[in-house]
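J.: File my_file.cif follows (mmCIF, C-alpha atoms):
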```
data_entry
loop_
_atom_site.group_PDB
_atom_site.id
_atom_site.type_symbol
_atom_site.label_atom_id
_atom_site.label_comp_id
_atom_site.auth_asym_id
_atom_site.auth_seq_id
_atom_site.Cartn_x
_atom_site.Cartn_y
_atom_site.Cartn_z
ATOM 1 C CA MET A 736 31.528 -12.061 8.970
ATOM 2 C CA PHE A 737 31.080 -11.836 5.191
ATOM 3 C CA LYS A 738 34.331 -11.596 3.247
ATOM 4 C CA LYS A 739 33.124 -9.934 0.059
ATOM 5 C CA ALA A 740 30.161 -7.607 -0.525
ATOM 6 C CA LEU A 741 28.740 -5.710 -3.475
ATOM 7 C CA ILE A 742 26.667 -2.532 -3.224
ATOM 8 C CA ALA A 743 24.253 -1.627 -6.040
ATOM 9 C CA GLU A 744 23.239 1.979 -5.426
ATOM 10 C CA ASP A 745 23.031 4.860 -7.881
ATOM 11 C CA PHE A 746 23.471 7.746 -5.432
ATOM 12 C CA GLU A 747 27.084 8.316 -4.422
ATOM 13 C CA SER A 748 26.244 9.722 -0.993
ATOM 14 C CA TYR A 749 24.419 6.532 -0.114
ATOM 15 C CA TYR A 750 26.878 3.986 -1.421
ATOM 16 C CA SER A 751 29.740 5.818 0.328
ATOM 17 C CA SER A 752 27.858 5.603 3.626
ATOM 18 C CA ILE A 753 26.995 1.938 3.051
ATOM 19 C CA GLN A 754 30.612 1.168 2.200
ATOM 20 C CA ASN A 755 31.780 2.807 5.418
ATOM 21 C CA ALA A 756 29.220 0.819 7.420
ATOM 22 C CA LEU A 757 30.378 -2.463 5.876
ATOM 23 C CA GLU A 758 34.021 -1.633 6.467
ATOM 24 C CA GLU A 759 33.177 -1.004 10.130
ATOM 25 C CA LEU A 760 31.898 -4.588 10.203
ATOM 26 C CA LYS A 761 35.326 -5.745 8.989
ATOM 27 C CA ILE A 762 34.141 -6.970 5.601
ATOM 28 C CA GLU A 763 37.395 -7.317 3.685
ATOM 29 C CA THR A 764 36.239 -6.481 0.158
ATOM 30 C CA VAL A 765 33.469 -3.982 -0.563
ATOM 31 C CA ASP A 766 32.742 -3.043 -4.181
ATOM 32 C CA ASN A 767 30.044 -0.778 -5.531
ATOM 33 C CA VAL A 768 28.219 -0.178 -8.807
ATOM 34 C CA GLN A 769 25.618 2.327 -9.936
ATOM 35 C CA TYR A 770 23.811 0.116 -12.447
ATOM 36 C CA CYS A 771 22.011 -3.208 -12.019
ATOM 37 C CA ASP A 772 23.614 -4.544 -15.201
ATOM 38 C CA ASP A 773 27.063 -3.885 -13.737
ATOM 39 C CA ALA A 774 26.109 -5.661 -10.525
ATOM 40 C CA PHE A 775 25.075 -8.749 -12.482
ATOM 41 C CA ILE A 776 28.269 -8.672 -14.556
ATOM 42 C CA LYS A 777 30.437 -8.379 -11.455
ATOM 43 C CA ILE A 778 28.686 -11.244 -9.701
ATOM 44 C CA LYS A 779 28.924 -13.514 -12.762
ATOM 45 C CA LYS A 780 32.609 -12.670 -13.159
ATOM 46 C CA SER A 781 33.362 -13.316 -9.486
ATOM 47 C CA ASN A 782 31.616 -16.692 -9.687
ATOM 48 C CA ARG A 783 33.652 -17.683 -12.757
ATOM 49 C CA GLU A 784 36.829 -16.769 -10.893
ATOM 50 C CA HIS A 785 35.717 -18.817 -7.863
ATOM 51 C CA ALA A 786 35.722 -15.690 -5.695
ATOM 52 C CA PRO A 787 31.979 -15.095 -5.279
ATOM 53 C CA TYR A 788 30.327 -12.232 -3.462
ATOM 54 C CA ASP A 789 28.851 -13.348 -0.149
ATOM 55 C CA LEU A 790 26.491 -10.392 0.076
ATOM 56 C CA LEU A 791 24.618 -8.039 -2.242
ATOM 57 C CA ILE A 792 23.052 -4.869 -0.893
ATOM 58 C CA THR A 793 20.819 -3.241 -3.478
ATOM 59 C CA ASP A 794 18.384 -0.403 -3.829
ATOM 60 C CA LEU A 795 15.107 -1.167 -5.591
ATOM 61 C CA SER A 796 14.786 2.011 -7.655
ATOM 62 C CA PHE A 797 17.452 3.261 -10.057
ATOM 63 C CA VAL A 798 17.261 6.532 -11.960
ATOM 64 C CA SER A 799 17.349 6.086 -15.742
ATOM 65 C CA ASP A 800 19.838 8.090 -17.783
ATOM 66 C CA HIS A 801 21.510 8.080 -21.198
ATOM 67 C CA ARG A 802 22.826 4.558 -20.746
ATOM 68 C CA GLU A 803 20.683 1.700 -22.060
ATOM 69 C CA GLN A 804 20.085 -0.932 -19.409
ATOM 70 C CA HIS A 805 18.650 -4.442 -19.446
ATOM 71 C CA LEU A 806 18.100 -4.667 -15.696
ATOM 72 C CA THR A 807 16.451 -1.401 -14.723
ATOM 73 C CA ASN A 808 15.478 -1.989 -11.104
ATOM 74 C CA GLY A 809 16.490 -3.852 -7.990
ATOM 75 C CA ARG A 810 13.690 -6.404 -8.217
ATOM 76 C CA ASP A 811 14.925 -7.591 -11.608
ATOM 77 C CA LEU A 812 18.477 -7.727 -10.285
ATOM 78 C CA ILE A 813 17.421 -9.710 -7.200
ATOM 79 C CA SER A 814 15.483 -12.176 -9.315
ATOM 80 C CA ILE A 815 18.355 -12.962 -11.664
ATOM 81 C CA ILE A 816 20.962 -13.088 -8.893
ATOM 82 C CA LYS A 817 18.873 -15.568 -6.902
ATOM 83 C CA SER A 818 18.715 -17.694 -10.037
ATOM 84 C CA GLU A 819 22.347 -17.359 -11.125
ATOM 85 C CA SER A 820 24.054 -17.108 -7.730
ATOM 86 C CA PRO A 821 21.772 -18.700 -5.114
ATOM 87 C CA THR A 822 24.390 -18.668 -2.352
ATOM 88 C CA THR A 823 24.716 -14.862 -2.446
ATOM 89 C CA LYS A 824 22.775 -13.297 0.421
ATOM 90 C CA ILE A 825 20.695 -10.256 -0.556
ATOM 91 C CA ILE A 826 19.584 -7.253 1.493
ATOM 92 C CA ALA A 827 17.289 -4.679 -0.123
ATOM 93 C CA PHE A 828 17.968 -1.136 1.112
ATOM 94 C CA SER A 829 15.222 1.144 -0.117
ATOM 95 C CA ILE A 830 12.679 3.882 0.579
ATOM 96 C CA GLU A 831 9.967 1.408 -0.496
ATOM 97 C CA ASP A 832 7.391 1.142 2.298
ATOM 98 C CA ARG A 833 4.496 -0.787 0.777
ATOM 99 C CA ALA A 834 3.987 -3.917 2.830
ATOM 100 C CA GLU A 835 2.736 -5.993 -0.087
ATOM 101 C CA VAL A 836 5.809 -5.199 -2.219
ATOM 102 C CA ILE A 837 8.247 -6.036 0.565
ATOM 103 C CA ASP A 838 6.317 -9.152 1.554
ATOM 104 C CA ASP A 839 6.583 -10.322 -2.066
ATOM 105 C CA LEU A 840 10.349 -9.715 -2.064
ATOM 106 C CA PHE A 841 10.685 -12.201 0.774
ATOM 107 C CA LYS A 842 8.143 -14.735 -0.466
ATOM 108 C CA THR A 843 8.763 -14.667 -4.218
ATOM 109 C CA HIS A 844 12.297 -13.348 -4.616
ATOM 110 C CA LYS A 845 13.647 -14.917 -1.407
ATOM 111 C CA ILE A 846 15.631 -11.916 -0.193
ATOM 112 C CA ASN A 847 17.368 -12.286 3.155
ATOM 113 C CA GLY A 848 16.779 -8.821 4.568
ATOM 114 C CA PHE A 849 15.045 -5.505 4.036
ATOM 115 C CA VAL A 850 16.103 -2.164 5.523
ATOM 116 C CA SER A 851 14.150 1.070 5.113
ATOM 117 C CA LYS A 852 16.102 4.158 4.129
ATOM 118 C CA GLY A 853 15.519 6.891 6.673
ATOM 119 C CA ARG A 854 16.437 7.925 10.181
ATOM 120 C CA GLY A 855 18.923 5.479 11.715
ATOM 121 C CA ASP A 856 19.103 3.409 8.543
ATOM 122 C CA LEU A 857 22.848 2.675 8.635
ATOM 123 C CA LYS A 858 22.602 1.384 12.181
ATOM 124 C CA GLU A 859 19.764 -0.880 11.051
ATOM 125 C CA LEU A 860 21.731 -1.930 7.995
ATOM 126 C CA LYS A 861 24.610 -3.127 10.153
ATOM 127 C CA GLN A 862 22.146 -5.078 12.307
ATOM 128 C CA ALA A 863 20.698 -6.595 9.144
ATOM 129 C CA VAL A 864 24.118 -7.657 7.856
ATOM 130 C CA LYS A 865 24.907 -9.368 11.169
ATOM 131 C CA ALA A 866 21.544 -11.132 11.205
ATOM 132 C CA VAL A 867 21.770 -12.299 7.596
ATOM 133 C CA PHE A 868 25.332 -13.537 8.154
ATOM 134 C CA ASN A 869 23.913 -15.728 10.930
ATOM 135 C CA ASP A 870 21.263 -17.102 8.541
ATOM 136 C CA GLN A 871 18.488 -15.001 10.068
ATOM 137 C CA LYS A 872 16.041 -12.881 8.127
ATOM 138 C CA TYR A 873 15.958 -9.189 8.922
ATOM 139 C CA ILE A 874 13.265 -6.620 8.252
ATOM 140 C CA SER A 875 12.909 -3.060 9.524
ATOM 141 C CA THR A 876 10.556 -2.815 12.486
ATOM 142 C CA ASN A 877 8.129 -0.369 10.881
ATOM 143 C CA ILE A 878 7.760 -2.577 7.803
ATOM 144 C CA LYS A 879 7.467 -5.720 9.904
ATOM 145 C CA ASN A 880 4.524 -4.238 11.792
ATOM 146 C CA SER A 881 2.835 -3.247 8.531
ATOM 147 C CA ILE A 882 3.211 -6.735 7.044
ATOM 148 C CA LYS A 883 1.987 -8.290 10.276
ATOM 149 C CA THR A 884 -1.123 -6.092 10.133
ATOM 150 C CA LYS A 885 -1.805 -7.077 6.526
ATOM 151 C CA ASN A 886 -1.366 -10.777 7.152
ATOM 152 C CA SER A 887 -3.415 -10.778 10.344
ATOM 153 C CA TYR A 888 -6.358 -8.648 9.187
ATOM 154 C CA ASP A 889 -9.124 -10.803 7.741
ATOM 155 C CA PHE A 890 -11.382 -8.731 5.494
ATOM 156 C CA THR A 891 -15.037 -9.746 5.508
ATOM 157 C CA ARG A 892 -17.130 -9.808 2.338
ATOM 158 C CA PHE A 893 -19.128 -6.860 3.681
ATOM 159 C CA GLU A 894 -15.977 -4.790 4.278
ATOM 160 C CA ILE A 895 -14.692 -5.502 0.777
ATOM 161 C CA ILE A 896 -18.028 -4.430 -0.725
ATOM 162 C CA LEU A 897 -17.955 -1.140 1.183
ATOM 163 C CA VAL A 898 -14.405 -0.268 0.168
ATOM 164 C CA LYS A 899 -15.068 -1.274 -3.449
ATOM 165 C CA LEU A 900 -18.125 0.994 -3.602
ATOM 166 C CA LEU A 901 -16.135 3.896 -2.180
ATOM 167 C CA SER A 902 -13.328 3.266 -4.673
ATOM 168 C CA GLU A 903 -15.861 3.437 -7.521
ATOM 169 C CA GLY A 904 -16.897 6.918 -6.391
ATOM 170 C CA MET A 905 -20.064 6.177 -4.440
ATOM 171 C CA MET A 906 -20.618 8.574 -1.573
ATOM 172 C CA GLN A 907 -20.733 6.993 1.871
ATOM 173 C CA LYS A 908 -24.219 8.349 2.561
ATOM 174 C CA ASN A 909 -25.558 6.627 -0.586
ATOM 175 C CA ILE A 910 -24.143 3.182 0.203
ATOM 176 C CA PRO A 911 -27.160 2.078 2.361
ATOM 177 C CA ASP A 912 -29.480 2.527 -0.632
ATOM 178 C CA TYR A 913 -27.256 0.291 -2.745
ATOM 179 C CA LEU A 914 -27.128 -2.329 0.006
ATOM 180 C CA LYS A 915 -30.906 -2.356 0.360
ATOM 181 C CA GLU A 916 -31.453 -2.603 -3.404
ATOM 182 C CA ASN A 917 -29.114 -5.611 -3.551
ATOM 183 C CA ASN A 918 -30.429 -7.220 -0.376
ATOM 184 C CA ILE A 919 -27.069 -6.928 1.406
ATOM 185 C CA LYS A 920 -27.213 -6.741 5.179
ATOM 186 C CA PRO A 921 -26.645 -4.831 7.374
ATOM 187 C CA SER A 922 -27.789 -1.898 5.291
ATOM 188 C CA SER A 923 -28.206 0.984 7.729
ATOM 189 C CA LEU A 924 -26.003 4.072 7.524
ATOM 190 C CA SER A 925 -24.890 3.558 11.122
ATOM 191 C CA SER A 926 -23.716 0.025 10.274
ATOM 192 C CA VAL A 927 -21.784 1.306 7.285
ATOM 193 C CA GLU A 928 -20.154 4.064 9.336
ATOM 194 C CA LYS A 929 -19.280 1.688 12.174
ATOM 195 C CA CYS A 930 -17.730 -0.859 9.821
ATOM 196 C CA LEU A 931 -15.622 1.727 8.002
ATOM 197 C CA ASN A 932 -14.480 3.325 11.249
ATOM 198 C CA ASN A 933 -13.465 -0.064 12.645
ATOM 199 C CA MET A 934 -11.431 -0.830 9.533
ATOM 200 C CA LYS A 935 -9.657 2.535 9.605
ATOM 201 C CA GLU A 936 -8.827 2.178 13.281
ATOM 202 C CA SER A 937 -7.579 -1.406 12.901
ATOM 203 C CA LEU A 938 -5.463 -0.615 9.830
ATOM 204 C CA GLY A 939 -4.126 2.695 11.124
ATOM 205 C CA VAL A 940 -5.485 4.969 8.394
ATOM 206 C CA GLY A 941 -7.210 8.285 8.916
ATOM 207 C CA ASN A 942 -9.801 8.570 6.176
ATOM 208 C CA ASN A 943 -11.637 6.704 3.422
ATOM 209 C CA GLU A 944 -9.151 7.767 0.749
ATOM 210 C CA GLN A 945 -6.257 6.215 2.667
ATOM 211 C CA LEU A 946 -8.323 3.094 3.290
ATOM 212 C CA ILE A 947 -9.039 2.745 -0.430
ATOM 213 C CA ALA A 948 -5.366 3.273 -1.316
ATOM 214 C CA LEU A 949 -4.250 0.683 1.215
ATOM 215 C CA CYS A 950 -6.747 -1.905 -0.025
ATOM 216 C CA LYS A 951 -5.648 -1.299 -3.614
ATOM 217 C CA ASP A 952 -1.988 -1.715 -2.634
ATOM 218 C CA TRP A 953 -2.794 -4.966 -0.863
ATOM 219 C CA GLY A 954 -4.857 -6.266 -3.789
ATOM 220 C CA ILE A 955 -8.058 -6.432 -1.741
ATOM 221 C CA ILE A 956 -9.975 -4.477 -4.375
#
```
What does the file become when written as structure tokens?
T.:
Amino acid sequence: MFKKALIAEDFESYYSSIQNALEELKIETVDNVQYCDDAFIKIKKSNREHAPYDLLITDLSFVSDHREQHLTNGRDLISIIKSESPTTKIIAFSIEDRAEVIDDLFKTHKINGFVSKGRGDLKELKQAVKAVFNDQKYISTNIKNSIKTKNSYDFTRFEIILVKLLSEGMMQKNIPDYLKENNIKPSSLSSVEKCLNNMKESLGVGNNEQLIALCKDWGII
């Protein structure tokens, strides 16, 4: 198991719970900070002293206060730690639930695990620590399913046009007229309704507004 871990979390109730969870896993040294700048300073200092942190667990969002900070969020902290201390394993522990943001954390920032804050989160966090220690990636099940849906759903040109028109304020009933004017087929109202309903069902959203929001989050429109 990891020997030395650092928690970057600005809410005391959370970092106390995380610390207890890590101590249950028999991690010998568990330190915590409430600012990203302090986390970076601690990790740099530990590296200089040849006693590096094996694991960083960090939130993504930190509340600003009177103190001026250079690193204001977990993404910035993760980025610089991966650059300055590449052997330190990183688990993000956050309420963030947007698949595209979390997917980017793995692909761009090379995090080792992601755990969603919520019901049963400490149990999941301990599972994540064990997995990451064994050089496995870990991601909360609900987020994993969302990312899988995003990566597996192949938007057609017609679907993108429909969602883009809706996002620009065009009413669904007026879309067929636009399609006909621009010689885009199929152009019937029934085809438009069927296509939109299929997208909503496949992506697990309940209405056009949620569909638009999801496509914006994913960078489709």
J.: Rank A:Glu759, A:Glu819, A:Glu903, A:Glu744 by their smallest atom-to-atom distance to A:Arg783, using all atoms listed in the file, and report the top residue only.
T.: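 Distance minimum relative to A:Arg783 lands on A:Glu819.
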J.: Kindly resolve the PyMOL selection byres ((chain A and resi 849-853) around 6) on the present coordinates and return the residues as a ChimeraX atom specification.
T.: /A:826-830,848,854,856,874-875
J.: Of the candidates A:Lys920, A:Lys861, A:Lys899, A:Arg833, which shows the shortest atom-to-atom distance to A:Ser881, using all atoms listed in the file?
T.: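 Residue with the minimum atom-to-atom distance to A:Ser881: A:Arg833.
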J.: Could you spell out the hits of the PyMOL selection byres ((chain A and resi 746) around 10) on the shown file, as a PyMOL selection string?
T.: chain A and resi 743-745+747-751+768-769+794+797-798
J.: Hey, what comes out of the PyMOL selection byres ((chain A and resi 913) around 12) on this file? Could you write it as a PyMOL selection string?
T.: chain A and resi 896-897+900-901+905-912+914-924+927
J.: Export C-alpha atoms of the chosen residues as an mmCIF file, in the frame of the given file?
T.:
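Result file follows (again37.cif):
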```cif
data_model
loop_
_atom_site.group_PDB
_atom_site.id
_atom_site.type_symbol
_atom_site.label_atom_id
_atom_site.label_comp_id
_atom_site.auth_asym_id
_atom_site.auth_seq_id
_atom_site.Cartn_x
_atom_site.Cartn_y
_atom_site.Cartn_z
ATOM 1 C CA ILE A 896 -18.028 -4.430 -0.725
ATOM 2 C CA LEU A 897 -17.955 -1.140 1.183
ATOM 3 C CA LEU A 900 -18.125 0.994 -3.602
ATOM 4 C CA LEU A 901 -16.135 3.896 -2.180
ATOM 5 C CA MET A 905 -20.064 6.177 -4.440
ATOM 6 C CA MET A 906 -20.618 8.574 -1.573
ATOM 7 C CA GLN A 907 -20.733 6.993 1.871
ATOM 8 C CA LYS A 908 -24.219 8.349 2.561
ATOM 9 C CA ASN A 909 -25.558 6.627 -0.586
ATOM 10 C CA ILE A 910 -24.143 3.182 0.203
ATOM 11 C CA PRO A 911 -27.160 2.078 2.361
ATOM 12 C CA ASP A 912 -29.480 2.527 -0.632
ATOM 13 C CA LEU A 914 -27.128 -2.329 0.006
ATOM 14 C CA LYS A 915 -30.906 -2.356 0.360
ATOM 15 C CA GLU A 916 -31.453 -2.603 -3.404
ATOM 16 C CA ASN A 917 -29.114 -5.611 -3.551
ATOM 17 C CA ASN A 918 -30.429 -7.220 -0.376
ATOM 18 C CA ILE A 919 -27.069 -6.928 1.406
ATOM 19 C CA LYS A 920 -27.213 -6.741 5.179
ATOM 20 C CA PRO A 921 -26.645 -4.831 7.374
ATOM 21 C CA SER A 922 -27.789 -1.898 5.291
ATOM 22 C CA SER A 923 -28.206 0.984 7.729
ATOM 23 C CA LEU A 924 -26.003 4.072 7.524
ATOM 24 C CA VAL A 927 -21.784 1.306 7.285
#
```
J.: One number please: atom CA of A:Gly809 to atom CA of A:Val867, in Å, one decimal.
T.: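 Taking atom CA of A:Gly809 as the start and atom CA of A:Val867 as the end point, the length is 18.5 Å.
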J.: Rounded to one decimal place, report the atom CA of A:Ile825-atom CA of A:Thr807 distance in Å.
T.: 17.2 Å
J.: Tell me, in Å to one decimal, how far atom CA of A:Val898 is from atom CA of A:Cys950.
T.: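 Those two atoms sit 7.8 Å apart.
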J.: List the residues sitting within 12 Å of (27.0, -3.6, -14.2) in the file's frame, using all atoms listed in the file, as a PyMOL selection string.
T.: chain A and resi 741-745+766-780+802-807+812
J.: Write out as an MDAnalysis selection string the residues lying within 9 Å of A:Val864, counting only C-alpha atoms and excluding same-chain residues fewer than 4 positions away.
T.: chainID A and resid 736:737 757 760 790 826 848 859:860 868:869 873
J.: Would you please work out which residue, of A:Ile955, A:Ile753, A:Ile815, A:Ala740, is nearest to A:Pro787 when using all atoms listed in the file?
T.: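 Closest to A:Pro787, using all atoms listed in the file: A:Ala740.
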J.: Rank A:Leu931, A:Ile816, A:Ile956, A:Leu840 by their smallest atom-to-atom distance to A:Asp789, using only C-alpha atoms, and report the top residue only.
T.: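 With only C-alpha atoms as the atom set, the closest residue is A:Ile816.
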J.: What are the centre and edge lengths in Å, to one decimal, of the axis-aligned box around all listed atoms of stretch 760-777 of chain A with 4 Å added on each side, as AutoDock Vina command-line options?
T.:
```
--center_x 29.7 --center_y -3.2 --center_z -2.5 --size_x 23.4 --size_y 19.1 --size_z 33.4
```
J.: Go through A:Glu894, A:Gln945, A:Leu791, A:Gln871 one by one, measure the shortest atom-to-atom distance of each to A:Ser926 using all atoms listed in the file, and give the residue with the smallest value.
T.: A:Glu894
J.: Using all atoms listed in the file, pick whichever of A:Thr764, A:Thr843, A:Gln862, A:Ser902 has the shortest atom-to-atom distance to A:Glu944.
T.: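 Of all the options, A:Ser902 lies closest to A:Glu944.
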J.: Show me, as a ChimeraX atom specification, the residues that have an atom within 9 Å of A:His844 when counting all atoms listed in the file, minus same-chain residues fewer than 2 positions from it.
T.: /A:810,813-814,817,839-842,846
